[in-house]
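Asks: So here's run09.csv (CSV, C-alpha atoms and all ligand atoms).
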chain,number,residue,atom,x,y,z
A,19,MET,CA,-20.3,-0.3,-0.2
A,20,HIS,CA,-17.5,2.3,0.2
A,21,THR,CA,-14.0,0.8,0.4
A,22,ALA,CA,-13.0,3.3,3.0
A,23,VAL,CA,-14.5,6.3,4.7
A,24,LEU,CA,-12.6,8.7,6.9
A,25,LYS,CA,-14.5,11.4,8.8
A,26,ASP,CA,-12.6,14.1,10.7
A,27,VAL,CA,-9.6,11.7,11.4
A,28,TRP,CA,-6.9,13.1,13.7
A,29,LYS,CA,-3.6,11.4,14.3
A,30,SER,CA,-0.9,12.9,16.6
A,31,TYR,CA,2.4,11.6,17.9
A,32,SER,CA,3.0,13.1,21.4
A,33,ASN,CA,2.4,16.7,20.6
A,34,THR,CA,2.8,16.7,16.8
A,35,HIS,CA,-0.6,16.8,15.1
A,36,VAL,CA,0.1,15.1,11.8
A,37,LEU,CA,-3.5,14.5,10.5
A,38,ARG,CA,-5.8,17.3,11.5
A,39,GLY,CA,-9.3,16.3,10.4
A,40,VAL,CA,-8.9,14.1,7.3
A,41,ASN,CA,-12.0,13.4,5.3
A,42,LEU,CA,-12.0,11.0,2.4
A,43,VAL,CA,-14.5,8.6,0.7
A,44,VAL,CA,-12.9,5.8,-1.3
A,45,ASN,CA,-15.3,4.0,-3.6
A,46,GLU,CA,-14.9,0.5,-4.9
A,47,ALA,CA,-12.4,0.3,-7.8
A,48,ASP,CA,-11.2,3.9,-7.2
A,49,VAL,CA,-7.5,4.5,-7.9
A,50,ILE,CA,-6.5,7.4,-5.7
A,51,GLY,CA,-3.2,9.3,-5.5
A,52,ILE,CA,-2.1,11.1,-2.4
A,53,VAL,CA,0.6,13.7,-2.9
A,54,GLY,CA,2.4,15.4,0.0
A,55,ARG,CA,5.8,16.6,0.7
A,56,SER,CA,8.1,14.6,3.0
A,57,GLY,CA,6.7,14.7,6.5
A,58,ALA,CA,3.2,15.6,5.4
A,59,GLY,CA,1.7,12.4,6.9
A,60,LYS,CA,1.4,10.1,3.9
A,61,THR,CA,2.8,7.0,5.7
A,62,THR,CA,0.7,7.9,8.8
A,63,LEU,CA,-2.4,7.9,6.7
A,64,ILE,CA,-1.5,4.6,4.9
A,65,LYS,CA,-0.9,3.0,8.3
A,66,LEU,CA,-4.4,4.0,9.4
A,67,LEU,CA,-6.0,2.7,6.2
A,68,GLY,CA,-3.9,-0.5,6.5
A,69,LEU,CA,-5.0,-1.1,10.1
A,70,LEU,CA,-1.5,-0.9,11.3
A,71,ASP,CA,-2.3,2.0,13.6
A,72,ARG,CA,-5.4,3.7,14.9
A,73,PRO,CA,-6.6,7.3,14.8
A,74,ASN,CA,-6.7,9.5,18.0
A,75,SER,CA,-10.1,10.6,17.0
A,76,GLY,CA,-12.6,10.7,14.2
A,77,SER,CA,-14.2,7.7,12.4
A,78,LEU,CA,-12.5,5.3,10.1
A,79,THR,CA,-14.4,2.6,8.2
A,80,VAL,CA,-12.4,0.2,6.1
A,81,LEU,CA,-14.2,-2.4,3.9
A,82,GLY,CA,-17.4,-1.9,5.7
A,83,ARG,CA,-15.9,-2.4,9.2
A,84,ASP,CA,-15.8,0.4,11.8
A,85,VAL,CA,-12.1,0.2,12.7
A,86,GLY,CA,-12.8,1.7,16.2
A,87,LYS,CA,-14.8,-1.4,17.0
A,88,LEU,CA,-12.3,-4.0,15.8
A,89,SER,CA,-10.0,-5.8,18.2
A,90,ASP,CA,-6.3,-6.0,17.2
A,91,SER,CA,-6.7,-9.6,16.1
A,92,GLU,CA,-9.8,-8.8,14.0
A,93,ALA,CA,-7.9,-5.9,12.4
A,94,SER,CA,-4.9,-8.2,11.6
A,95,LYS,CA,-7.3,-10.8,10.0
A,96,LEU,CA,-9.0,-8.2,7.9
A,97,ARG,CA,-5.6,-6.8,6.8
A,98,LEU,CA,-4.3,-10.2,5.8
A,99,LYS,CA,-7.4,-11.3,3.9
A,100,GLU,CA,-8.5,-8.1,2.2
A,101,ILE,CA,-5.6,-5.6,2.1
A,102,GLY,CA,-2.4,-5.6,0.2
A,103,ILE,CA,0.3,-3.2,1.4
A,104,ILE,CA,3.5,-1.9,-0.2
A,105,PRO,CA,5.3,-0.4,2.7
A,106,GLN,CA,7.7,2.5,2.2
A,107,THR,CA,10.3,0.8,4.4
A,108,PHE,CA,10.9,-2.8,5.7
A,109,ASN,CA,9.6,-4.2,2.5
A,110,LEU,CA,11.1,-7.4,1.0
A,111,ILE,CA,12.3,-9.9,3.6
A,112,PRO,CA,16.1,-10.2,3.0
A,113,HIS,CA,16.6,-13.8,3.9
A,114,LEU,CA,13.7,-15.0,1.7
A,115,THR,CA,13.9,-15.6,-2.0
A,116,VAL,CA,11.8,-13.5,-4.4
A,117,LEU,CA,9.4,-16.5,-4.8
A,118,GLU,CA,9.1,-16.9,-1.0
A,119,ASN,CA,8.6,-13.1,-0.6
A,120,VAL,CA,5.7,-13.2,-3.1
A,121,GLU,CA,4.2,-16.2,-1.4
A,122,LEU,CA,4.4,-14.7,2.1
A,123,PRO,CA,0.8,-13.3,2.3
A,124,LEU,CA,-0.6,-16.7,1.3
A,125,TYR,CA,1.7,-18.4,3.8
A,126,LEU,CA,0.2,-16.1,6.5
A,127,LEU,CA,-3.2,-17.0,5.4
A,128,GLY,CA,-2.4,-20.7,5.8
A,129,PHE,CA,-2.3,-21.9,2.2
A,130,LYS,CA,-0.2,-25.0,1.5
A,131,LYS,CA,3.2,-24.7,-0.2
A,132,SER,CA,2.1,-26.1,-3.6
A,133,VAL,CA,-0.8,-23.6,-3.9
A,134,ARG,CA,1.4,-20.7,-2.8
A,135,GLU,CA,4.2,-21.5,-5.1
A,136,ALA,CA,1.9,-22.0,-8.1
A,137,ALA,CA,0.1,-18.6,-7.5
A,138,ALA,CA,3.4,-16.7,-7.0
A,139,LEU,CA,5.0,-18.3,-10.0
A,140,GLU,CA,2.0,-17.5,-12.2
A,141,LEU,CA,2.1,-13.8,-11.3
A,142,LEU,CA,5.9,-13.7,-11.8
A,143,LYS,CA,5.5,-15.3,-15.2
A,144,LYS,CA,2.8,-12.8,-16.1
A,145,PHE,CA,5.3,-10.0,-15.7
A,146,GLU,CA,8.2,-12.0,-17.2
A,147,LEU,CA,10.0,-11.9,-13.8
A,148,GLN,CA,10.2,-15.7,-13.2
A,149,HIS,CA,14.0,-15.6,-13.7
A,150,LEU,CA,14.2,-13.7,-10.4
A,151,ALA,CA,12.3,-16.3,-8.4
A,152,SER,CA,15.3,-17.9,-6.7
A,153,ARG,CA,17.2,-14.6,-6.1
A,154,TYR,CA,17.4,-12.8,-2.8
A,155,PRO,CA,16.2,-9.1,-2.6
A,156,HIS,CA,19.8,-7.8,-2.4
A,157,GLU,CA,20.4,-9.3,-5.9
A,158,LEU,CA,17.7,-7.2,-7.5
A,159,SER,CA,17.7,-3.6,-8.8
A,160,SER,CA,15.5,-1.1,-7.1
A,161,GLY,CA,13.0,-1.2,-10.0
A,162,GLU,CA,12.8,-5.0,-9.8
A,163,GLN,CA,12.3,-4.8,-6.1
A,164,GLN,CA,9.4,-2.4,-6.5
A,165,ARG,CA,7.8,-4.6,-9.2
A,166,ILE,CA,8.1,-7.6,-6.9
A,167,LEU,CA,6.6,-5.7,-4.0
A,168,ALA,CA,3.7,-4.7,-6.2
A,169,ILE,CA,3.1,-8.3,-7.2
A,170,ARG,CA,3.3,-9.4,-3.6
A,171,ALA,CA,0.7,-6.9,-2.6
A,172,PHE,CA,-1.8,-8.3,-5.0
A,173,ILE,CA,-1.2,-12.0,-4.4
A,174,ASN,CA,-4.1,-12.4,-1.9
A,175,LYS,CA,-6.5,-10.8,-4.4
A,176,PRO,CA,-7.0,-7.9,-2.0
A,177,LYS,CA,-10.0,-5.6,-2.2
A,178,LEU,CA,-7.8,-2.7,-1.2
A,179,VAL,CA,-4.1,-2.0,-2.1
A,180,LEU,CA,-2.1,0.6,-0.3
A,181,ALA,CA,1.2,1.6,-2.0
A,182,ASP,CA,3.4,4.0,-0.1
A,183,GLU,CA,5.7,5.8,-2.5
A,184,PRO,CA,6.2,2.8,-4.8
A,185,THR,CA,8.3,4.9,-7.2
A,186,ALA,CA,10.4,6.8,-4.8
A,187,TYR,CA,14.1,6.7,-5.7
A,188,LEU,CA,13.4,5.3,-9.2
A,189,ASP,CA,14.4,6.9,-12.5
A,190,ALA,CA,11.7,7.7,-15.0
A,191,GLU,CA,12.1,4.5,-16.9
A,192,ASN,CA,11.9,2.2,-13.9
A,193,SER,CA,9.1,4.3,-12.5
A,194,ASN,CA,7.2,3.6,-15.7
A,195,THR,CA,7.7,-0.1,-15.6
A,196,VAL,CA,6.4,-0.1,-12.0
A,197,TYR,CA,3.4,1.9,-13.3
A,198,GLU,CA,2.8,-0.7,-16.1
A,199,VAL,CA,2.8,-3.5,-13.6
A,200,PHE,CA,0.3,-1.6,-11.4
A,201,LYS,CA,-1.9,-1.0,-14.3
A,202,GLU,CA,-2.1,-4.6,-15.2
A,203,LEU,CA,-2.5,-5.8,-11.6
A,204,ILE,CA,-5.4,-3.3,-11.1
A,205,ASN,CA,-7.0,-4.4,-14.3
A,206,GLU,CA,-6.7,-8.1,-13.4
A,207,PHE,CA,-7.8,-7.9,-9.7
A,208,LYS,CA,-10.1,-4.9,-9.9
A,209,SER,CA,-8.7,-3.8,-6.5
A,210,THR,CA,-9.2,-0.3,-5.0
A,211,VAL,CA,-5.8,1.3,-4.9
A,212,ILE,CA,-4.3,4.2,-3.0
A,213,ILE,CA,-0.9,5.3,-4.0
A,214,THR,CA,1.3,8.0,-2.4
A,215,ALA,CA,4.0,10.2,-3.9
A,216,THR,CA,5.9,13.3,-3.0
A,217,GLY,CA,5.2,15.1,-6.2
A,218,PRO,CA,3.8,14.6,-9.8
A,219,ASP,CA,4.6,11.1,-11.0
A,220,ASP,CA,3.6,8.9,-14.0
A,221,ILE,CA,2.1,6.4,-11.6
A,222,LEU,CA,-0.5,9.0,-10.6
A,223,VAL,CA,-1.6,9.8,-14.2
A,224,SER,CA,-5.0,8.1,-14.0
A,225,CYS,CA,-5.6,8.6,-10.3
A,226,ARG,CA,-8.1,10.8,-8.6
A,227,LYS,CA,-5.5,13.1,-6.8
A,228,TYR,CA,-5.5,14.6,-3.4
A,229,LEU,CA,-3.0,16.8,-1.7
A,230,LEU,CA,-2.1,16.2,1.9
A,231,PHE,CA,-1.1,19.6,3.3
A,232,LYS,CA,-1.1,20.9,6.8
A,233,GLY,CA,-2.8,17.8,8.0
A,234,VAL,CA,-5.8,17.8,5.7
A,235,LEU,CA,-6.7,16.3,2.3
A,236,LYS,CA,-7.9,18.3,-0.6
A,237,GLU,CA,-8.8,17.0,-4.0
A,238,PHE,CA,-7.0,18.8,-6.8
A,301,LIG,N1,6.1,6.9,15.3
A,301,LIG,C1,6.2,8.2,15.2
A,301,LIG,N2,6.5,8.9,16.4
A,301,LIG,C2,6.7,10.2,16.3
A,301,LIG,N3,6.5,11.0,15.2
A,301,LIG,C3,6.3,10.4,14.1
A,301,LIG,C4,6.1,8.9,14.0
A,301,LIG,N4,5.9,8.6,12.7
A,301,LIG,C5,5.9,9.7,12.0
A,301,LIG,N5,6.1,10.8,12.8
A,301,LIG,C6,6.2,12.2,12.4
A,301,LIG,O1,4.9,12.5,11.8
A,301,LIG,C7,5.1,13.3,10.6
A,301,LIG,C8,4.6,12.6,9.4
A,301,LIG,O2,5.4,11.5,9.1
A,301,LIG,P1,5.0,10.5,7.9
A,301,LIG,O3,6.0,9.4,7.9
A,301,LIG,O4,3.6,10.1,7.9
A,301,LIG,O5,5.3,11.5,6.6
A,301,LIG,P2,5.4,11.1,5.1
A,301,LIG,O6,4.5,12.1,4.4
A,301,LIG,O7,5.2,9.7,4.9
A,301,LIG,O8,6.9,11.5,4.7
A,301,LIG,P3,7.9,10.8,3.6
A,301,LIG,O9,7.5,11.4,2.3
A,301,LIG,O10,9.3,11.4,4.0
A,301,LIG,O11,7.8,9.4,3.8
A,301,LIG,C9,6.6,13.6,10.6
A,301,LIG,O12,6.9,14.9,11.2
A,301,LIG,C10,7.3,12.5,11.4
A,301,LIG,O13,8.4,12.9,12.0
A,302,MG,MG,6.3,8.2,4.1
As C-alpha cells, what does this structure read like?
Replies:
Amino acid sequence: MHTAVLKDVWKSYSNTHVLRGVNLVVNEADVIGIVGRSGAGKTTLIKLLGLLDRPNSGSLTVLGRDVGKLSDSEASKLRLKEIGIIPQTFNLIPHLTVLENVELPLYLLGFKKSVREAAALELLKKFELQHLASRYPHELSSGEQQRILAIRAFINKPKLVLADEPTAYLDAENSNTVYEVFKELINEFKSTVIITATGPDDILVSCRKYLLFKGVLKEF
C-alpha cells in the first residue's frame, strides 16, 4: 500500500493558485524532502497531507483512504491515530510542560495518564532530554523545542510523519541534533516521513528530494 498518492492536486486561496497539479507517490518507509522557497506552498501541501485542509481538485489518498470521501470527523480520527505532525507555527502549547506536550497526542487518543506519562518519559530519556520534562516551552532553546516537537510527533507511533521546516531558524549544530533525533525516531518507528525546507539542509541528506516550484513538484 502507498502511504500517500497525490494526482493532479490543485489548491487555491481565493484567486491565488498555490498548488497547480501536484503529483506524488509516497511509499511505505519513504523519507522525502520537499524544498521550496518561502511562499512556494510547502505548508499548504503539508496541511493537505495531514488532513488539515482539502484540495480544490485532484485526488488525494492518504494511508489507503480517499480523502475526498472522508467526513471531517473521519479525517480527524485518521490524523490522530496514524499521522504525526510538526507544524511550522503554533507548535508547543505554552501553558503545558514538556512532558504534557509530549503526552498530548496520547491524551487526545484517550490513553490514561499513567500510560501517557510512561511513554513520554521513555522517549525523553532515550534522547537524554528527561531533565526538560517539567519545564515550559518558553524555558527551552529553539533547538530543544524542535527536538521535543519531533518526539511528540512520533509518540503515537504514526505511520506518516509530516515535519514542516523543523530546522528553520536553527544554526548548523542545532540543526544537526534535530537531524540525529529524526534519524533515530525514523529508525525506531519505521514511519514514512515528509520533511520540508527552504533550501539545502543536513536534515535532507538521506531524503528523496523534490522541488516545489510554480505550484508543481519535481524530483531532483
Ligand atoms: N489561508 C490562506 N489564505 C490565503 N492565502 C494563503 C493562505 N495560506 C497560505 N496562503 C498563501 O499561499 C502561498 C503559499 O503559502 P505556504 O504557507 O504554503 O508557503 P510556504 O512554502 O510554506 O512558505 P514558508 O517557507 O514561508 O513557510 C503564499 O503566497 C501564501 O500567502
Ligand atoms: Mg511554510
Asks: Around ligand LIG 301 (chain A), which protein and nucleic acid residues have at least one atom no more than 12 Å from it, if we count only C-alpha atoms and all ligand atoms? List them as a PyMOL selection string.
Replies: chain A and resi 28-38+52-66+70-72+105-107+181-187+213-217+229-234
Asks: Have a look at A:Ile104, A:Val223, A:Leu81, A:Ala93 and name the one nearest to ligand MG 302 (chain A); count only C-alpha atoms and all ligand atoms.
Replies: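 Distance minimum relative to ligand MG 302 (chain A) lands on A:Ile104.
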Asks: Find the spatial neighbours of range 138-147 of chain A, counting only C-alpha atoms, within a cut-off of 7 Å - ignore same-chain residues fewer than 6 positions away - and output them as number ranges by chain.
Replies: A: 117, 120-121, 169
Asks: Any idea what the distance is between CA of Asn194 in chain A and CA of Thr21 in chain A?
Replies: 26.8 Å
Asks: When you draw a straight line from CA of Ser193 in chain A to CA of Asn41 in chain A, how long is it in Å?
Replies: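 Calculated distance between CA of Ser193 in chain A and CA of Asn41 in chain A is 29.1 Å.
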Asks: Could you tell me which of A:Leu178, A:Ile166, A:Gly51, A:Phe172 comes closest to Asp219 in chain A if we count only C-alpha atoms?
Replies: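 Checking each of A:Leu178, A:Ile166, A:Gly51, A:Phe172 against Asp219 in chain A, counting only C-alpha atoms, the winner is A:Gly51.
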Asks: Using CA of Lys201 in chain A and CA of Ser132 in chain A as the two end points, give the distance in Å to one decimal.
Replies: 27.6 Å
Asks: Go ahead and find all residues with at least one atom no further than 10 Å from (-8.2, 20.6, -4.5) in the file's coordinates, using only C-alpha atoms; report them as number ranges by chain.
Replies: A: 227-230, 235-238
Asks: Could those selected residues go to a file with C-alpha atoms, as a short mmCIF file (atom, residue, chain, number, x, y, z; two decimals), in the coordinates of the input?
Replies:
data_model
loop_
_atom_site.label_atom_id
_atom_site.label_comp_id
_atom_site.auth_asym_id
_atom_site.auth_seq_id
_atom_site.Cartn_x
_atom_site.Cartn_y
_atom_site.Cartn_z
CA LYS A 227 -5.50 13.10 -6.80
CA TYR A 228 -5.50 14.60 -3.40
CA LEU A 229 -3.00 16.80 -1.70
CA LEU A 230 -2.10 16.20 1.90
CA LEU A 235 -6.70 16.30 2.30
CA LYS A 236 -7.90 18.30 -0.60
CA GLU A 237 -8.80 17.00 -4.00
CA PHE A 238 -7.00 18.80 -6.80
#
Asks: From the options A:Glu206, A:Glu100, A:Glu118, A:Glu198, which residue's atoms come nearest to Leu222 in chain A, counting all atoms listed in the file?
Replies: A:Glu198
Asks: As a ChimeraX atom specification, please: the residues near Leu114 in chain A (cut-off 12 Å, all atoms listed in the file, same-chain neighbours under 5 positions excluded).
Replies: /A:109,119-122,151-157
Asks: Env of Lys208 in chain A: 8 Å cut, atoms = all atoms listed in the file, seq-sep filter 5 positions within chain, self excluded. Answer as a PyMOL selection string.
Replies: chain A and resi 47+177+203
Asks: Can you list, as a VMD selection string, every protein, DNA or RNA residue that comes within 12 Å of His20 in chain A when you count only C-alpha atoms, leaving out same-chain residues fewer than 4 positions away?
Replies: chain A and resid 24 42 to 48 78 to 84 177 to 178 210
Asks: Using only C-alpha atoms, which residues sit within 9 Å of Lys99 in chain A once same-chain residues fewer than 4 positions away are excluded, as JSON, numbers by chain?
Replies: {"A": [94, 95, 123, 127, 174, 175, 176, 177]}
